[in-house]
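Trainee: This is the structure I have questions about; it appears just below.
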Amino acid sequence: DAKTTQPPSMDCAEGRAANLPCNHSTISGNEYVYWYRQIHSQGPQYIIHGLKNNETNEMASLIITEDRKSSTLILPHATLRDTAVYYCIVKSRAGNMLTFGGGTRLMVKP
Amino acid sequence: NAGVTQTPKFRILKIGQSMTLQCAQDMNHNYMYWYRQDPGMGLKLIYYSVGAGITDKGEVPNGYNVSRSTTEDFPLRLELAAPSQTSVYFCASSSSDRADEQFFGPGTRLTVL
């Protein structure tokens with residue numbers, strides 16, 4: 001699975017959009033981009049995934065660049081409860097291992 | 001639905017003791033997983049199962065054993081506990097057609113002294 005690079009931490013004002021970047025320059029054509037988050041002391045929570053098209057669900061939007069070498073997770077109106085560590089994971093559908101790296105610690109401030 | 005449940009929430013073990021961490025899910029998921037998370041780190045896969053009677057090693061299986069006799073339950077056994085096994089343990093499950101959309105339990109915080 002391709003390696004991902006994320007900033008270790010970010011701040012966002014409550015009510016503003018949070019844009020979390022992820023670099024995955026070695027991604028292969030059959031690999032998907034997954035986003036999970038982990039709120040303090042809880043288990044990770046699946047957010048969204050995509051292959052090459054932009055995706056949106058009730059939680060977030062995922063923007064993948066045309067060359068697929070990077071992506072951005074967007075929380076459109078961040079709340080204090082969105083404070084968490086956000087993990088970007090690149091993985092093919094084959095295989096059963098999700099590899100959680102360091103992630104980005106997002107702090108939403110009032 | 002209760003989702004994925006884990007017991008106990010906390011446990012302190014002495015070196016050399018053994019214990020079983022329980023995990024159950026009520027979503028009829030075929031796939032189940034055990035991860036560990038050391039302080040300040042990401043999760044590492046210990047074992048996983050793609051169905052009853054089938055288990056396989058993950059990234060860090062040494063010191064652990066699993067069994068999967070039913071679809072619902074996936075216990076993790078620690079034999080001869082060591083301080084290096086101090087960690088938070090998460091169980092997860094997913095359906096076979098959406099295997100990478102995993103649902104996680106609340107975790108078991110284990111300390112080995």
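As shown in the structure tokens, the chain order sets the letters A, B, ...; within each chain, residues go from 1, and ligands are also counted from 1 in the order they appear.
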Would you list which chain B residues are within 7 Å of chain A using only C-alpha atoms, as a PyMOL selection string?
Mentor: chain B and resi 41-43+45+90+101-107
Trainee: Could the residues in this selection be written to a file with all heavy atoms, as a CSV table (one decimal), in the first residue's frame?
Mentor:
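In the end it all went to selection-v9.csv:
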chain,number,residue,atom,x,y,z
B,41,MET,N,0.5,6.6,19.1
B,41,MET,CA,0.8,5.9,17.9
B,41,MET,C,-0.5,5.5,17.1
B,41,MET,O,-1.6,5.6,17.7
B,41,MET,CB,1.6,4.6,18.1
B,41,MET,CG,2.8,4.8,19.0
B,41,MET,SD,4.1,5.8,18.2
B,41,MET,CE,4.7,4.6,17.0
B,42,GLY,N,-0.3,5.1,15.9
B,42,GLY,CA,-1.4,4.6,15.1
B,42,GLY,C,-1.8,3.2,15.5
B,42,GLY,O,-1.1,2.6,16.4
B,43,LEU,N,-2.8,2.6,14.9
B,43,LEU,CA,-3.2,1.3,15.2
B,43,LEU,C,-2.4,0.2,14.4
B,43,LEU,O,-2.0,0.5,13.3
B,43,LEU,CB,-4.7,1.1,14.9
B,43,LEU,CG,-5.7,1.6,15.9
B,43,LEU,CD1,-5.7,3.1,15.8
B,43,LEU,CD2,-7.1,1.0,15.6
B,45,LEU,N,-2.5,-3.9,13.3
B,45,LEU,CA,-3.4,-5.1,13.2
B,45,LEU,C,-2.7,-6.3,13.8
B,45,LEU,O,-1.6,-6.7,13.5
B,45,LEU,CB,-3.7,-5.4,11.7
B,45,LEU,CG,-4.7,-6.5,11.5
B,45,LEU,CD1,-6.0,-6.2,12.0
B,45,LEU,CD2,-4.7,-6.8,10.0
B,90,PHE,N,-8.4,-2.6,20.3
B,90,PHE,CA,-9.6,-2.3,19.6
B,90,PHE,C,-10.0,-3.5,18.8
B,90,PHE,O,-9.2,-4.0,18.0
B,90,PHE,CB,-9.5,-1.1,18.7
B,90,PHE,CG,-9.3,0.2,19.5
B,90,PHE,CD1,-8.1,0.8,19.6
B,90,PHE,CD2,-10.4,0.9,20.1
B,90,PHE,CE1,-8.0,2.0,20.3
B,90,PHE,CE2,-10.3,2.0,20.7
B,90,PHE,CZ,-9.1,2.6,20.9
B,101,GLU,N,-14.6,-0.5,5.3
B,101,GLU,CA,-15.4,0.4,6.1
B,101,GLU,C,-15.6,-0.3,7.5
B,101,GLU,O,-16.7,-1.0,7.6
B,101,GLU,CB,-16.7,0.8,5.4
B,101,GLU,CG,-16.5,1.5,4.1
B,101,GLU,CD,-17.7,1.7,3.3
B,101,GLU,OE1,-18.8,1.9,3.9
B,101,GLU,OE2,-17.7,1.6,2.1
B,102,GLN,N,-14.7,-0.2,8.3
B,102,GLN,CA,-14.7,-0.9,9.6
B,102,GLN,C,-15.4,-0.2,10.7
B,102,GLN,O,-15.2,1.0,10.8
B,102,GLN,CB,-13.3,-1.3,9.9
B,102,GLN,CG,-12.6,-2.2,8.9
B,102,GLN,CD,-11.2,-2.6,9.2
B,102,GLN,OE1,-10.7,-2.5,10.4
B,102,GLN,NE2,-10.5,-3.2,8.3
B,103,PHE,N,-16.1,-0.9,11.5
B,103,PHE,CA,-16.8,-0.4,12.7
B,103,PHE,C,-16.0,-0.8,13.9
B,103,PHE,O,-15.7,-2.0,14.1
B,103,PHE,CB,-18.2,-0.9,12.8
B,103,PHE,CG,-19.1,-0.4,11.7
B,103,PHE,CD1,-19.1,-1.0,10.5
B,103,PHE,CD2,-20.0,0.7,12.0
B,103,PHE,CE1,-19.9,-0.5,9.4
B,103,PHE,CE2,-20.8,1.1,11.0
B,103,PHE,CZ,-20.8,0.5,9.7
B,104,PHE,N,-15.6,0.1,14.7
B,104,PHE,CA,-14.7,-0.2,15.9
B,104,PHE,C,-15.5,-0.2,17.2
B,104,PHE,O,-16.4,0.6,17.4
B,104,PHE,CB,-13.6,0.9,16.0
B,104,PHE,CG,-12.5,0.6,15.0
B,104,PHE,CD1,-12.7,1.0,13.6
B,104,PHE,CD2,-11.3,0.1,15.3
B,104,PHE,CE1,-11.6,0.8,12.7
B,104,PHE,CE2,-10.3,-0.1,14.4
B,104,PHE,CZ,-10.4,0.2,13.1
B,105,GLY,N,-15.0,-1.0,18.1
B,105,GLY,CA,-15.5,-1.0,19.4
B,105,GLY,C,-14.8,0.1,20.3
B,105,GLY,O,-14.0,0.8,19.8
B,106,PRO,N,-15.2,0.2,21.5
B,106,PRO,CA,-14.7,1.3,22.4
B,106,PRO,C,-13.4,1.0,22.9
B,106,PRO,O,-12.7,2.0,23.5
B,106,PRO,CB,-15.8,1.4,23.5
B,106,PRO,CG,-16.3,0.0,23.6
B,106,PRO,CD,-16.3,-0.6,22.2
B,107,GLY,N,-12.8,-0.2,22.8
B,107,GLY,CA,-11.5,-0.4,23.3
B,107,GLY,C,-11.4,-1.0,24.7
B,107,GLY,O,-12.3,-0.9,25.5
Trainee: Which neighbours of segment 50-57 of chain A fall inside 12 Å, counting only C-alpha atoms, when residues of the same chain fewer than 2 positions from it are skipped, and could you give them as a PDB file with C-alpha atoms, in the first residue's frame?
Mentor:
ATOM      1  CA  ILE A  27      -0.539   5.740  -5.076  1.00  0.00           C
ATOM      2  CA  SER A  28      -1.290   2.952  -7.544  1.00  0.00           C
ATOM      3  CA  GLY A  29      -4.192   2.883  -9.948  1.00  0.00           C
ATOM      4  CA  ASN A  30      -6.160   0.328  -7.951  1.00  0.00           C
ATOM      5  CA  GLU A  31      -5.684   1.985  -4.557  1.00  0.00           C
ATOM      6  CA  TYR A  32      -8.438   3.867  -2.794  1.00  0.00           C
ATOM      7  CA  VAL A  33      -8.103   6.782  -0.381  1.00  0.00           C
ATOM      8  CA  TYR A  34      -9.829   6.213   2.974  1.00  0.00           C
ATOM      9  CA  TRP A  35     -10.331   8.644   5.822  1.00  0.00           C
ATOM     10  CA  TYR A  46     -14.886   5.560   9.186  1.00  0.00           C
ATOM     11  CA  ILE A  47     -15.585   8.855   7.397  1.00  0.00           C
ATOM     12  CA  ILE A  48     -15.369   8.500   3.629  1.00  0.00           C
ATOM     13  CA  MET A  59     -19.977  13.804   7.364  1.00  0.00           C
ATOM     14  CA  ALA A  60     -17.489  15.223   4.882  1.00  0.00           C
ATOM     15  CA  SER A  61     -16.296  15.768   1.339  1.00  0.00           C
ATOM     16  CA  LEU A  62     -13.252  14.172  -0.228  1.00  0.00           C
ATOM     17  CA  ILE A  63     -11.418  15.987  -3.001  1.00  0.00           C
ATOM     18  CA  ILE A  64      -8.850  13.937  -4.936  1.00  0.00           C
ATOM     19  CA  THR A  65      -6.522  15.694  -7.363  1.00  0.00           C
ATOM     20  CA  GLU A  66      -6.635  14.669 -10.989  1.00  0.00           C
ATOM     21  CA  ASP A  67      -3.237  12.965 -10.783  1.00  0.00           C
ATOM     22  CA  ARG A  68      -4.409  11.280  -7.537  1.00  0.00           C
ATOM     23  CA  LYS A  69      -1.187  12.179  -5.762  1.00  0.00           C
ATOM     24  CA  SER A  70      -2.948  14.109  -3.049  1.00  0.00           C
ATOM     25  CA  SER A  71      -6.352  14.571  -1.491  1.00  0.00           C
ATOM     26  CA  THR A  72      -8.175  16.851   0.927  1.00  0.00           C
ATOM     27  CA  LEU A  73     -10.818  15.962   3.457  1.00  0.00           C
ATOM     28  CA  ILE A  74     -13.240  18.806   4.029  1.00  0.00           C
ATOM     29  CA  LEU A  75     -15.439  19.177   7.097  1.00  0.00           C
ATOM     30  CA  PRO A  76     -17.696  21.995   5.891  1.00  0.00           C
ATOM     31  CA  CYS A  88      -5.608   9.201   5.654  1.00  0.00           C
ATOM     32  CA  ILE A  89      -5.118   5.617   4.441  1.00  0.00           C
ATOM     33  CA  VAL A  90      -4.335   4.421   0.943  1.00  0.00           C
ATOM     34  CA  LYS A  91      -5.211   0.825   0.202  1.00  0.00           C
ATOM     35  CA  SER A  92      -6.276  -1.491  -2.581  1.00  0.00           C
ATOM     36  CA  ARG A  93      -9.442  -3.525  -2.199  1.00  0.00           C
TER      37      ARG A  93
ATOM     38  CA  ASP B 100     -12.496  -1.388   4.453  1.00  0.00           C
ATOM     39  CA  GLU B 101     -15.394   0.435   6.137  1.00  0.00           C
TER      40      GLU B 101
END
Trainee: What is the atom CA of Thr5 of chain B-atom CA of Glu72 of chain B distance in Å, reported with one decimal?
Mentor: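 So the answer is 10.3 Å.
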Trainee: Point out the residue among A:Arg37, A:Asp82, A:Val108, A:His24 with the least atom-to-atom distance to Cys12 of chain A, counting only C-alpha atoms.
Mentor: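 Counting only C-alpha atoms, the residue closest to Cys12 of chain A is A:Val108.
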Trainee: Can you work out the spacing between atom CA of Phe74 of chain B and atom CA of Tyr33 of chain B in Å, to one decimal?
Mentor: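 Separation between atom CA of Phe74 of chain B and atom CA of Tyr33 of chain B: 8.0 Å.
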Trainee: Point out the residue among A:Gln6, A:Ala78, A:Ser25, A:Tyr86 with the least atom-to-atom distance to Pro110 of chain A, counting only C-alpha atoms.
Mentor: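 Smallest distance to Pro110 of chain A is found for A:Ala78.
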Trainee: As number ranges by chain, please: the residues near Thr71 of chain B (cut-off 9 Å, only C-alpha atoms, same-chain neighbours under 3 positions excluded).
Mentor: B: 24-26, 28-32, 51-53, 68, 74
Trainee: Need to verify the contact set: Asn62 of chain B, 12 Å, only C-alpha atoms, exclusion of same-chain residues closer than 3 positions in sequence. Can you return it as a compact mmCIF listing (two decimals) with N, CA and C atoms, in the first residue's frame?
Mentor:
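Everything below was put into result-v4.txt:
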# COMPACT_ATOMS: atom_id res chain seq x y z
N LEU B 45 -2.49 -3.93 13.30
CA LEU B 45 -3.35 -5.10 13.22
C LEU B 45 -2.68 -6.31 13.85
N ILE B 46 -3.41 -6.99 14.74
CA ILE B 46 -2.88 -8.17 15.42
C ILE B 46 -3.31 -9.43 14.70
N TYR B 47 -4.61 -9.63 14.59
CA TYR B 47 -5.20 -10.77 13.91
C TYR B 47 -6.48 -10.30 13.23
N LYS B 57 -2.99 -14.02 10.66
CA LYS B 57 -2.14 -13.09 11.37
C LYS B 57 -2.11 -11.74 10.68
N GLY B 58 -1.99 -10.71 11.52
CA GLY B 58 -1.78 -9.37 11.02
C GLY B 58 -0.32 -8.98 11.14
N GLU B 59 -0.10 -7.73 11.49
CA GLU B 59 1.25 -7.18 11.53
C GLU B 59 2.02 -7.58 12.80
N ASN B 65 -3.38 -15.02 20.68
CA ASN B 65 -4.10 -16.04 19.93
C ASN B 65 -5.55 -15.63 19.79
N VAL B 66 -6.19 -16.10 18.73
CA VAL B 66 -7.59 -15.79 18.49
C VAL B 66 -8.33 -17.06 18.09
N ARG B 77 -6.83 -13.79 22.96
CA ARG B 77 -6.22 -14.41 24.14
C ARG B 77 -4.77 -13.94 24.28
N LEU B 78 -4.44 -13.47 25.48
CA LEU B 78 -3.05 -13.15 25.80
C LEU B 78 -2.52 -14.23 26.74
N GLU B 79 -1.47 -14.89 26.33
CA GLU B 79 -0.81 -15.87 27.18
C GLU B 79 0.49 -15.25 27.70
N LEU B 80 0.79 -15.47 28.95
CA LEU B 80 2.06 -14.98 29.52
C LEU B 80 2.25 -13.49 29.25
N ALA B 81 1.39 -12.68 29.83
CA ALA B 81 1.40 -11.24 29.59
C ALA B 81 2.77 -10.62 29.90
N ALA B 82 3.16 -9.68 29.05
CA ALA B 82 4.43 -8.97 29.20
C ALA B 82 4.17 -7.46 29.20
N SER B 84 5.34 -5.25 27.44
CA SER B 84 5.24 -4.74 26.06
C SER B 84 3.82 -4.85 25.50
N GLN B 85 2.97 -5.60 26.17
CA GLN B 85 1.58 -5.73 25.72
C GLN B 85 0.66 -4.70 26.37
Trainee: Which residue, B:Asp56, B:Asp73, B:Lys14, B:Pro39, has the smallest gap to Tyr89 of chain B when you use only C-alpha atoms?
Mentor: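 Checking each candidate against Tyr89 of chain B, we get B:Pro39 as the closest.
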Trainee: Please return as a ChimeraX atom specification: the residues of chain A that backbone DSSP assigns to strand (DSSP E or B).
Mentor: /A:5,9-13,18-23,31-38,45-50,55-56,61-64,70-75,84-92,104-109
Trainee: Could you turn the residues from that selection into a file that holds N, CA and C atoms, as a compact mmCIF listing (two decimals), in the first residue's frame?
Mentor:
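This is the output file again18.txt:
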# COMPACT_ATOMS: atom_id res chain seq x y z
N THR A 5 1.40 11.04 3.68
CA THR A 5 2.01 12.08 4.49
C THR A 5 0.94 13.09 4.88
N SER A 9 -0.49 18.36 12.93
CA SER A 9 -1.57 19.04 13.65
C SER A 9 -2.09 20.22 12.84
N MET A 10 -3.35 20.57 13.13
CA MET A 10 -3.99 21.74 12.50
C MET A 10 -5.01 22.30 13.48
N ASP A 11 -5.26 23.59 13.35
CA ASP A 11 -6.32 24.24 14.11
C ASP A 11 -7.39 24.73 13.15
N CYS A 12 -8.61 24.82 13.65
CA CYS A 12 -9.71 25.35 12.85
C CYS A 12 -10.68 26.04 13.79
N ALA A 13 -11.24 27.18 13.32
CA ALA A 13 -12.23 27.88 14.13
C ALA A 13 -13.59 27.19 13.98
N ALA A 18 -12.94 22.93 7.77
CA ALA A 18 -11.64 22.34 8.07
C ALA A 18 -11.18 21.58 6.83
N ASN A 19 -9.99 21.91 6.33
CA ASN A 19 -9.44 21.26 5.14
C ASN A 19 -8.19 20.49 5.54
N LEU A 20 -8.28 19.19 5.52
CA LEU A 20 -7.17 18.35 5.96
C LEU A 20 -6.50 17.72 4.74
N PRO A 21 -5.21 18.05 4.52
CA PRO A 21 -4.53 17.52 3.33
C PRO A 21 -3.86 16.18 3.58
N CYS A 22 -3.67 15.44 2.50
CA CYS A 22 -2.95 14.18 2.55
C CYS A 22 -2.19 14.01 1.24
N ASN A 23 -0.92 13.70 1.38
CA ASN A 23 -0.10 13.45 0.20
C ASN A 23 0.10 11.95 0.04
N GLU A 31 -5.62 1.66 -5.99
CA GLU A 31 -5.68 1.99 -4.56
C GLU A 31 -6.69 3.10 -4.29
N TYR A 32 -7.45 2.90 -3.23
CA TYR A 32 -8.44 3.87 -2.79
C TYR A 32 -7.84 4.74 -1.69
N VAL A 33 -8.45 5.90 -1.50
CA VAL A 33 -8.10 6.78 -0.38
C VAL A 33 -9.22 6.70 0.65
N TYR A 34 -8.87 6.32 1.87
CA TYR A 34 -9.83 6.21 2.97
C TYR A 34 -9.49 7.25 4.04
N TRP A 35 -10.52 7.76 4.67
CA TRP A 35 -10.33 8.64 5.82
C TRP A 35 -11.09 8.09 7.02
N TYR A 36 -10.38 8.03 8.13
CA TYR A 36 -10.95 7.68 9.42
C TYR A 36 -10.60 8.79 10.40
N ARG A 37 -11.35 8.85 11.48
CA ARG A 37 -10.96 9.76 12.56
C ARG A 37 -11.08 9.04 13.89
N GLN A 38 -10.35 9.53 14.88
CA GLN A 38 -10.37 8.94 16.20
C GLN A 38 -10.49 10.06 17.23
N GLN A 45 -13.32 5.90 13.62
CA GLN A 45 -14.62 5.98 12.95
C GLN A 45 -14.38 6.22 11.47
N TYR A 46 -14.97 5.38 10.63
CA TYR A 46 -14.89 5.56 9.19
C TYR A 46 -15.59 6.86 8.78
N ILE A 47 -14.97 7.62 7.87
CA ILE A 47 -15.58 8.86 7.40
C ILE A 47 -16.02 8.73 5.95
N ILE A 48 -15.09 8.44 5.05
CA ILE A 48 -15.37 8.50 3.63
C ILE A 48 -14.23 7.83 2.87
N HIS A 49 -14.48 7.44 1.63
CA HIS A 49 -13.40 6.95 0.79
C HIS A 49 -13.69 7.28 -0.66
N GLY A 50 -12.65 7.22 -1.50
CA GLY A 50 -12.82 7.48 -2.92
C GLY A 50 -11.68 6.90 -3.73
N GLU A 55 -15.97 12.80 -3.62
CA GLU A 55 -17.05 12.13 -2.90
C GLU A 55 -17.57 13.03 -1.79
N THR A 56 -18.85 12.88 -1.51
CA THR A 56 -19.47 13.64 -0.41
C THR A 56 -20.46 12.74 0.30
N SER A 61 -16.57 15.87 2.77
CA SER A 61 -16.30 15.77 1.34
C SER A 61 -14.85 15.37 1.15
N LEU A 62 -14.60 14.60 0.10
CA LEU A 62 -13.25 14.17 -0.23
C LEU A 62 -12.93 14.67 -1.63
N ILE A 63 -11.86 15.46 -1.72
CA ILE A 63 -11.42 15.99 -3.00
C ILE A 63 -10.10 15.32 -3.34
N ILE A 64 -10.06 14.62 -4.48
CA ILE A 64 -8.85 13.94 -4.94
C ILE A 64 -8.36 14.65 -6.18
N SER A 70 -2.59 13.51 -4.32
CA SER A 70 -2.95 14.11 -3.05
C SER A 70 -4.47 14.22 -2.95
N SER A 71 -4.93 14.42 -1.72
CA SER A 71 -6.35 14.57 -1.49
C SER A 71 -6.58 15.50 -0.30
N THR A 72 -7.80 15.98 -0.18
CA THR A 72 -8.18 16.85 0.93
C THR A 72 -9.52 16.41 1.48
N LEU A 73 -9.56 16.22 2.78
CA LEU A 73 -10.82 15.96 3.46
C LEU A 73 -11.37 17.29 3.94
N ILE A 74 -12.62 17.55 3.64
CA ILE A 74 -13.24 18.81 4.03
C ILE A 74 -14.40 18.55 4.98
N LEU A 75 -14.30 19.14 6.17
CA LEU A 75 -15.44 19.18 7.10
C LEU A 75 -16.05 20.56 6.92
N ALA A 84 -10.27 15.76 16.81
CA ALA A 84 -9.91 14.34 16.72
C ALA A 84 -8.61 14.20 15.94
N VAL A 85 -8.09 12.99 15.88
CA VAL A 85 -6.98 12.66 14.98
C VAL A 85 -7.59 12.08 13.71
N TYR A 86 -7.20 12.63 12.56
CA TYR A 86 -7.73 12.21 11.27
C TYR A 86 -6.67 11.43 10.52
N TYR A 87 -7.03 10.22 10.10
CA TYR A 87 -6.10 9.34 9.42
C TYR A 87 -6.47 9.22 7.94
N CYS A 88 -5.48 9.42 7.09
CA CYS A 88 -5.61 9.20 5.65
C CYS A 88 -4.92 7.87 5.35
N ILE A 89 -5.64 6.96 4.71
CA ILE A 89 -5.12 5.62 4.44
C ILE A 89 -5.31 5.31 2.96
N VAL A 90 -4.25 4.82 2.34
CA VAL A 90 -4.33 4.42 0.94
C VAL A 90 -4.23 2.90 0.87
N LYS A 91 -5.16 2.28 0.19
CA LYS A 91 -5.21 0.83 0.20
C LYS A 91 -5.96 0.30 -1.02
N SER A 92 -5.52 -0.83 -1.54
CA SER A 92 -6.28 -1.49 -2.58
C SER A 92 -7.37 -2.32 -1.94
N THR A 104 -3.41 13.42 11.42
CA THR A 104 -3.41 14.86 11.72
C THR A 104 -4.31 15.10 12.92
N ARG A 105 -3.76 15.73 13.93
CA ARG A 105 -4.56 16.09 15.10
C ARG A 105 -5.23 17.42 14.83
N LEU A 106 -6.54 17.40 14.62
CA LEU A 106 -7.32 18.61 14.36
C LEU A 106 -7.90 19.12 15.66
N MET A 107 -7.62 20.37 15.95
CA MET A 107 -8.19 21.03 17.11
C MET A 107 -9.16 22.10 16.63
N VAL A 108 -10.44 21.94 16.95
CA VAL A 108 -11.45 22.94 16.61
C VAL A 108 -11.61 23.85 17.82
N LYS A 109 -11.42 25.14 17.59
CA LYS A 109 -11.43 26.09 18.70
C LYS A 109 -12.64 27.01 18.63
Trainee: For Ser94 of chain B, which of B:Val112, B:Ala2, B:Val50, B:Ile15 is the closest residue, counting only C-alpha atoms?
Mentor: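 Counting only C-alpha atoms, the residue closest to Ser94 of chain B is B:Val50.
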Trainee: Neighbours of Pro8 of chain B within 9 Å (only C-alpha atoms; same-chain residues fewer than 6 positions away dropped), as a ChimeraX atom specification?
Mentor: /B:21-22,107-109
Trainee: Those residues you just picked out, can you put them in a file as a PDB file, in the first residue's frame with C-alpha atoms?
Mentor:
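The resulting file, part_20.pdb, is reproduced below:
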ATOM      1  CA  LEU B  21     -10.390  -9.905  25.696  1.00  0.00           C
ATOM      2  CA  GLN B  22     -13.939 -10.309  24.500  1.00  0.00           C
ATOM      3  CA  GLY B 107     -11.491  -0.443  23.268  1.00  0.00           C
ATOM      4  CA  THR B 108      -9.936  -2.266  26.222  1.00  0.00           C
ATOM      5  CA  ARG B 109      -7.162  -0.489  28.104  1.00  0.00           C
TER       6      ARG B 109
END
